[in-house]
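**Student:** Below is the file final_4.csv, which contains CSV, N, CA and C atoms.
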```csv
chain,number,residue,atom,x,y,z
Z,26,PRO,N,66.4,185.6,-17.1
Z,26,PRO,CA,67.8,185.4,-17.0
Z,26,PRO,C,68.5,186.6,-16.3
Z,27,GLY,N,69.5,186.4,-15.5
Z,27,GLY,CA,70.2,187.5,-14.9
Z,27,GLY,C,71.5,187.0,-14.4
Z,28,GLN,N,72.1,187.9,-13.6
Z,28,GLN,CA,73.5,187.6,-13.1
Z,28,GLN,C,73.4,187.7,-11.6
Z,29,VAL,N,74.2,186.8,-10.9
Z,29,VAL,CA,74.4,186.9,-9.5
Z,29,VAL,C,75.8,187.3,-9.3
Z,30,GLN,N,76.1,188.5,-8.7
Z,30,GLN,CA,77.4,189.0,-8.5
Z,30,GLN,C,78.0,188.3,-7.3
Z,31,PRO,N,79.3,187.9,-7.3
Z,31,PRO,CA,79.9,187.2,-6.2
Z,31,PRO,C,79.8,188.0,-4.9
Z,32,SER,N,79.9,189.3,-5.0
Z,32,SER,CA,79.9,190.1,-3.8
Z,32,SER,C,78.5,190.1,-3.1
Z,33,SER,N,77.5,189.6,-3.8
Z,33,SER,CA,76.1,189.6,-3.2
Z,33,SER,C,75.8,188.3,-2.6
Z,34,VAL,N,76.7,187.3,-2.6
Z,34,VAL,CA,76.4,186.0,-2.1
Z,34,VAL,C,77.5,185.7,-1.1
Z,35,ASP,N,77.1,185.3,0.2
Z,35,ASP,CA,78.1,184.9,1.1
Z,35,ASP,C,78.2,183.4,1.1
Z,36,LEU,N,79.4,182.8,0.9
Z,36,LEU,CA,79.6,181.4,0.8
Z,36,LEU,C,80.4,180.9,1.9
Z,37,ARG,N,80.1,179.8,2.5
Z,37,ARG,CA,80.9,179.2,3.6
Z,37,ARG,C,81.8,178.1,3.1
Z,38,LEU,N,83.0,178.1,3.5
Z,38,LEU,CA,83.9,177.1,3.1
Z,38,LEU,C,83.6,175.7,3.7
Z,39,GLY,N,83.7,174.7,2.9
Z,39,GLY,CA,83.5,173.3,3.4
Z,39,GLY,C,84.7,172.8,4.2
Z,40,ALA,N,84.7,171.5,4.4
Z,40,ALA,CA,85.8,170.8,5.2
Z,40,ALA,C,87.0,170.4,4.4
Z,41,ARG,N,86.9,170.4,3.0
Z,41,ARG,CA,88.0,169.9,2.2
Z,41,ARG,C,88.5,171.0,1.2
Z,42,ALA,N,89.8,171.0,0.9
Z,42,ALA,CA,90.4,171.9,-0.1
Z,42,ALA,C,91.5,171.1,-0.7
Z,43,TRP,N,91.8,171.4,-2.0
Z,43,TRP,CA,92.9,170.8,-2.7
Z,43,TRP,C,93.8,171.9,-3.2
Z,44,GLN,N,95.1,171.7,-3.0
Z,44,GLN,CA,96.1,172.5,-3.7
Z,44,GLN,C,96.3,171.9,-5.0
Z,45,LEU,N,96.3,172.8,-6.1
Z,45,LEU,CA,96.4,172.3,-7.4
Z,45,LEU,C,97.7,172.7,-8.1
Z,46,GLN,N,98.1,171.9,-9.1
Z,46,GLN,CA,99.2,172.3,-10.0
Z,46,GLN,C,98.9,173.5,-10.8
Z,47,CYS,N,97.6,173.6,-11.2
Z,47,CYS,CA,97.1,174.6,-12.1
Z,47,CYS,C,95.6,174.7,-12.0
Z,48,SER,N,95.0,175.7,-12.5
Z,48,SER,CA,93.6,175.8,-12.6
Z,48,SER,C,93.1,175.0,-13.8
Z,49,PHE,N,91.8,174.6,-13.7
Z,49,PHE,CA,91.3,173.7,-14.8
Z,49,PHE,C,89.8,173.9,-15.0
Z,50,LEU,N,89.3,173.5,-16.1
Z,50,LEU,CA,87.9,173.4,-16.3
Z,50,LEU,C,87.5,172.0,-16.3
Z,51,PRO,N,86.4,171.6,-15.7
Z,51,PRO,CA,86.2,170.1,-15.5
Z,51,PRO,C,85.9,169.4,-16.9
Z,52,GLY,N,85.3,170.1,-17.8
Z,52,GLY,CA,84.9,169.5,-19.1
Z,52,GLY,C,84.1,168.3,-18.9
Z,53,THR,N,84.1,167.4,-19.8
Z,53,THR,CA,83.3,166.1,-19.8
Z,53,THR,C,83.9,165.1,-18.8
Z,54,ALA,N,85.2,165.3,-18.4
Z,54,ALA,CA,85.8,164.3,-17.5
Z,54,ALA,C,85.2,164.5,-16.0
Z,55,GLY,N,84.8,165.7,-15.7
Z,55,GLY,CA,84.3,165.9,-14.3
Z,55,GLY,C,85.4,166.4,-13.4
Z,56,VAL,N,85.0,167.0,-12.3
Z,56,VAL,CA,85.9,167.5,-11.3
Z,56,VAL,C,86.8,166.4,-10.7
Z,57,GLU,N,86.1,165.3,-10.3
Z,57,GLU,CA,86.9,164.3,-9.6
Z,57,GLU,C,88.1,163.7,-10.4
Z,58,LYS,N,87.8,163.5,-11.7
Z,58,LYS,CA,88.9,163.0,-12.6
Z,58,LYS,C,90.0,164.1,-12.7
Z,59,ARG,N,89.6,165.3,-12.8
Z,59,ARG,CA,90.7,166.4,-12.9
Z,59,ARG,C,91.5,166.5,-11.7
Z,60,LEU,N,90.8,166.3,-10.5
Z,60,LEU,CA,91.5,166.4,-9.2
Z,60,LEU,C,92.6,165.3,-9.1
Z,61,GLU,N,92.2,164.1,-9.6
Z,61,GLU,CA,93.2,163.0,-9.6
Z,61,GLU,C,94.4,163.4,-10.3
Z,62,ARG,N,94.3,164.2,-11.4
Z,62,ARG,CA,95.4,164.5,-12.2
Z,62,ARG,C,96.2,165.8,-11.7
Z,63,HIS,N,95.4,166.8,-11.2
Z,63,HIS,CA,96.1,168.1,-10.9
Z,63,HIS,C,96.3,168.4,-9.4
Z,64,ALA,N,95.7,167.6,-8.5
Z,64,ALA,CA,95.8,167.9,-7.1
Z,64,ALA,C,97.2,167.5,-6.6
Z,65,ILE,N,97.8,168.4,-5.9
Z,65,ILE,CA,99.1,168.2,-5.2
Z,65,ILE,C,98.9,167.7,-3.8
Z,66,GLU,N,97.9,168.2,-3.1
Z,66,GLU,CA,97.6,167.9,-1.8
Z,66,GLU,C,96.2,168.1,-1.4
Z,67,GLU,N,95.6,167.2,-0.6
Z,67,GLU,CA,94.2,167.5,-0.1
Z,67,GLU,C,94.4,168.0,1.3
Z,68,LEU,N,93.7,169.0,1.7
Z,68,LEU,CA,93.7,169.7,3.0
Z,68,LEU,C,92.4,169.5,3.7
Z,69,ARG,N,92.4,169.3,5.0
Z,69,ARG,CA,91.2,169.4,5.8
Z,69,ARG,C,91.1,170.7,6.5
Z,70,LEU,N,90.0,171.4,6.3
Z,70,LEU,CA,89.8,172.7,6.9
Z,70,LEU,C,89.0,172.5,8.2
Z,71,ASP,N,89.5,173.1,9.2
Z,71,ASP,CA,88.9,173.0,10.6
Z,71,ASP,C,89.0,174.4,11.2
Z,72,ALA,N,87.9,174.9,11.6
Z,72,ALA,CA,87.8,176.2,12.3
Z,72,ALA,C,88.7,176.3,13.5
Z,73,ASP,N,88.9,175.2,14.2
Z,73,ASP,CA,89.7,175.1,15.4
Z,73,ASP,C,91.2,175.0,15.2
Z,74,ARG,N,91.5,174.7,13.9
Z,74,ARG,CA,92.9,174.5,13.6
Z,74,ARG,C,93.3,175.3,12.3
Z,75,PRO,N,94.1,176.3,12.4
Z,75,PRO,CA,94.4,177.1,11.3
Z,75,PRO,C,95.1,176.3,10.2
Z,76,THR,N,94.7,176.7,8.9
Z,76,THR,CA,95.4,176.1,7.8
Z,76,THR,C,96.1,177.2,7.0
Z,77,VAL,N,97.3,176.9,6.6
Z,77,VAL,CA,98.1,177.9,5.8
Z,77,VAL,C,97.9,177.6,4.3
Z,78,LEU,N,97.4,178.7,3.6
Z,78,LEU,CA,97.3,178.6,2.2
Z,78,LEU,C,98.4,179.5,1.6
Z,79,HIS,N,99.1,179.0,0.6
Z,79,HIS,CA,100.3,179.7,0.1
Z,79,HIS,C,100.0,180.7,-1.0
Z,80,GLN,N,100.7,181.8,-1.0
Z,80,GLN,CA,100.5,182.8,-2.0
Z,80,GLN,C,100.8,182.2,-3.4
Z,81,ARG,N,100.2,182.7,-4.4
Z,81,ARG,CA,100.4,182.3,-5.8
Z,81,ARG,C,100.1,180.8,-6.0
Z,82,SER,N,99.4,180.2,-5.2
Z,82,SER,CA,99.0,178.8,-5.4
Z,82,SER,C,97.5,178.8,-5.7
Z,83,VAL,N,97.1,177.7,-6.4
Z,83,VAL,CA,95.7,177.5,-6.8
Z,83,VAL,C,95.1,176.5,-5.9
Z,84,TYR,N,93.9,176.8,-5.4
Z,84,TYR,CA,93.2,176.0,-4.5
Z,84,TYR,C,91.7,175.8,-5.0
Z,85,LEU,N,91.2,174.6,-4.8
Z,85,LEU,CA,89.8,174.3,-5.1
Z,85,LEU,C,89.2,174.0,-3.7
Z,86,VAL,N,88.2,174.7,-3.3
Z,86,VAL,CA,87.7,174.5,-1.9
Z,86,VAL,C,86.2,174.1,-2.0
Z,87,GLU,N,85.8,173.1,-1.3
Z,87,GLU,CA,84.4,172.7,-1.2
Z,87,GLU,C,83.6,173.9,-0.5
Z,88,LEU,N,82.4,174.0,-0.9
Z,88,LEU,CA,81.5,175.0,-0.3
Z,88,LEU,C,80.4,174.3,0.5
Z,89,GLU,N,79.9,174.9,1.5
Z,89,GLU,CA,78.8,174.3,2.3
Z,89,GLU,C,77.5,174.5,1.5
Z,90,GLU,N,77.4,175.5,0.7
Z,90,GLU,CA,76.1,175.8,-0.1
Z,90,GLU,C,76.0,174.8,-1.3
Z,91,ARG,N,74.8,174.5,-1.6
Z,91,ARG,CA,74.5,173.7,-2.8
Z,91,ARG,C,73.4,174.4,-3.6
Z,92,VAL,N,73.4,174.2,-4.9
Z,92,VAL,CA,72.3,174.7,-5.7
Z,92,VAL,C,71.8,173.6,-6.6
Z,93,ALA,N,70.5,173.6,-6.7
Z,93,ALA,CA,69.8,172.6,-7.5
Z,93,ALA,C,69.0,173.4,-8.6
Z,94,LEU,N,69.5,173.4,-9.8
Z,94,LEU,CA,68.9,174.1,-10.9
Z,94,LEU,C,67.9,173.2,-11.6
Z,95,PRO,N,66.8,173.8,-12.1
Z,95,PRO,CA,65.9,173.1,-12.9
Z,95,PRO,C,66.6,172.6,-14.2
Z,96,PRO,N,66.1,171.6,-14.8
Z,96,PRO,CA,66.7,171.0,-16.0
Z,96,PRO,C,66.9,172.1,-17.2
Z,97,ASP,N,66.1,173.1,-17.2
Z,97,ASP,CA,66.2,174.0,-18.3
Z,97,ASP,C,67.0,175.3,-17.9
Z,98,VAL,N,67.6,175.2,-16.8
Z,98,VAL,CA,68.5,176.4,-16.3
Z,98,VAL,C,69.9,175.8,-16.0
Z,99,ARG,N,70.9,176.6,-16.4
Z,99,ARG,CA,72.3,176.2,-16.1
Z,99,ARG,C,73.0,177.4,-15.7
Z,100,GLY,N,74.1,177.1,-14.9
Z,100,GLY,CA,74.9,178.2,-14.4
Z,100,GLY,C,76.3,178.0,-15.0
Z,101,ARG,N,77.0,179.1,-15.1
Z,101,ARG,CA,78.4,179.1,-15.6
Z,101,ARG,C,79.1,180.3,-15.0
Z,102,THR,N,80.4,180.2,-14.9
Z,102,THR,CA,81.2,181.4,-14.5
Z,102,THR,C,82.0,181.9,-15.7
Z,103,ASN,N,82.3,183.2,-15.6
Z,103,ASN,CA,83.2,183.7,-16.6
Z,103,ASN,C,84.5,184.2,-15.9
Z,104,ARG,N,85.4,184.7,-16.7
Z,104,ARG,CA,86.7,185.1,-16.1
Z,104,ARG,C,86.6,186.2,-15.1
Z,105,ARG,N,85.6,187.0,-15.2
Z,105,ARG,CA,85.4,188.1,-14.2
Z,105,ARG,C,84.7,187.6,-12.9
Z,106,ARG,N,84.5,186.3,-12.8
Z,106,ARG,CA,84.0,185.6,-11.6
Z,106,ARG,C,82.5,186.0,-11.4
Z,107,ALA,N,81.8,186.3,-12.4
Z,107,ALA,CA,80.3,186.5,-12.2
Z,107,ALA,C,79.6,185.2,-12.6
Z,108,LEU,N,78.6,184.9,-11.8
Z,108,LEU,CA,77.8,183.7,-12.1
Z,108,LEU,C,76.7,184.1,-13.0
Z,109,THR,N,76.6,183.5,-14.2
Z,109,THR,CA,75.5,183.8,-15.1
Z,109,THR,C,74.5,182.6,-15.1
Z,110,VAL,N,73.2,183.0,-14.9
Z,110,VAL,CA,72.2,182.0,-14.9
Z,110,VAL,C,71.4,182.2,-16.2
Z,111,GLN,N,71.2,181.1,-16.9
Z,111,GLN,CA,70.6,181.2,-18.2
Z,111,GLN,C,69.5,180.1,-18.3
Z,112,GLU,N,68.3,180.6,-18.8
Z,112,GLU,CA,67.2,179.6,-19.0
Z,112,GLU,C,67.1,179.2,-20.4
Z,113,ASP,N,67.1,177.9,-20.6
Z,113,ASP,CA,67.0,177.4,-22.0
Z,113,ASP,C,65.5,177.4,-22.4
Z,114,ARG,N,65.2,177.8,-23.6
Z,114,ARG,CA,63.8,177.8,-24.1
Z,114,ARG,C,63.7,177.1,-25.4
```
Written as structure tokens, how would this file's structure read?

**Tutor:**
Amino acid sequence: PGQVQPSSVDLRLGARAWQLQCSFLPGTAGVEKRLERHAIEELRLDADRPTVLHQRSVYLVELEERVALPPDVRGRTNRRRALTVQEDR
């Protein structure tokens, strides 16, 4: 087990973003259900057309990267934004 620090991983933004009323944890409902409740607006991100993101607003943005963890490994984030990878034994 170890940690992956956010500064050590370059992530590319995907094509969609959502402006949210507030931040949330997906819980058992899942991200899609939470978006239905908390999204104010869905934005399309296009490198050829600038998008304005407002200060003090919360956004959820798709990433181009994907991760496939083995069944005995899970990832989580903490409030300091470090990704912790833990192996179940």

**Student:** Which value, in Å to one decimal, gives the distance between atom CA of Z:Glu57 and atom CA of Z:Val83?

**Tutor:** 16.1 Å

**Student:** For Z:Leu88, please output as a ChimeraX atom specification all residues within 6 Å (counting only N, CA and C atoms; exclusion window: fewer than 6 positions along the same chain).

**Tutor:** /Z:37-39

**Student:** Provide the atom CA of Z:Leu50 to atom C of Z:Ile65 distance in Å, to one decimal place.

**Tutor:** 17.6 Å

**Student:** Under the rule that only N, CA and C atoms are counted, which of Z:Glu90, Z:Glu67, Z:Glu61, Z:Asp73 is the nearest residue to Z:Asp35?

**Tutor:**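 So, comparing all the options, the nearest one is Z:Glu90.
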
**Student:** Contacts of Z:Asp71 at 7 Å or less, counting all atoms listed in the file, minus same-chain residues fewer than 4 places along, as a list in words?

**Tutor:**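 Here the answer would be Gly39, Ala40, Pro75 and Thr76 of chain Z.
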
**Student:** Could you dump the residues just selected with N, CA and C atoms as an mmCIF file, keeping the file's coordinate frame?

**Tutor:**
```cif
data_model
loop_
_atom_site.group_PDB
_atom_site.id
_atom_site.type_symbol
_atom_site.label_atom_id
_atom_site.label_comp_id
_atom_site.auth_asym_id
_atom_site.auth_seq_id
_atom_site.Cartn_x
_atom_site.Cartn_y
_atom_site.Cartn_z
ATOM 1 N N GLY Z 39 83.700 174.700 2.900
ATOM 2 C CA GLY Z 39 83.500 173.300 3.400
ATOM 3 C C GLY Z 39 84.700 172.800 4.200
ATOM 4 N N ALA Z 40 84.700 171.500 4.400
ATOM 5 C CA ALA Z 40 85.800 170.800 5.200
ATOM 6 C C ALA Z 40 87.000 170.400 4.400
ATOM 7 N N PRO Z 75 94.100 176.300 12.400
ATOM 8 C CA PRO Z 75 94.400 177.100 11.300
ATOM 9 C C PRO Z 75 95.100 176.300 10.200
ATOM 10 N N THR Z 76 94.700 176.700 8.900
ATOM 11 C CA THR Z 76 95.400 176.100 7.800
ATOM 12 C C THR Z 76 96.100 177.200 7.000
#
```

**Student:** Name the residues in contact with Z:Arg41 at a cut-off of 6 Å, using only N, CA and C atoms, excluding same-chain residues fewer than 3 positions from it; report them as a PyMOL selection string.

**Tutor:** chain Z and resi 68-70+85-87

**Student:** Atom C of Z:Phe49 and atom N of Z:Glu66, how far apart in Å?

**Tutor:** 15.5 Å

**Student:** Quick one: 4 Å padding each side, axis-aligned, all listed atoms of stretch 38-57 of chain Z - centre and edge lengths in Å to one decimal, as JSON?

**Tutor:**
```
{"center_x": 91.1, "center_y": 170.9, "center_z": -7.3, "size_x": 24.2, "size_y": 22.4, "size_z": 33.0}
```
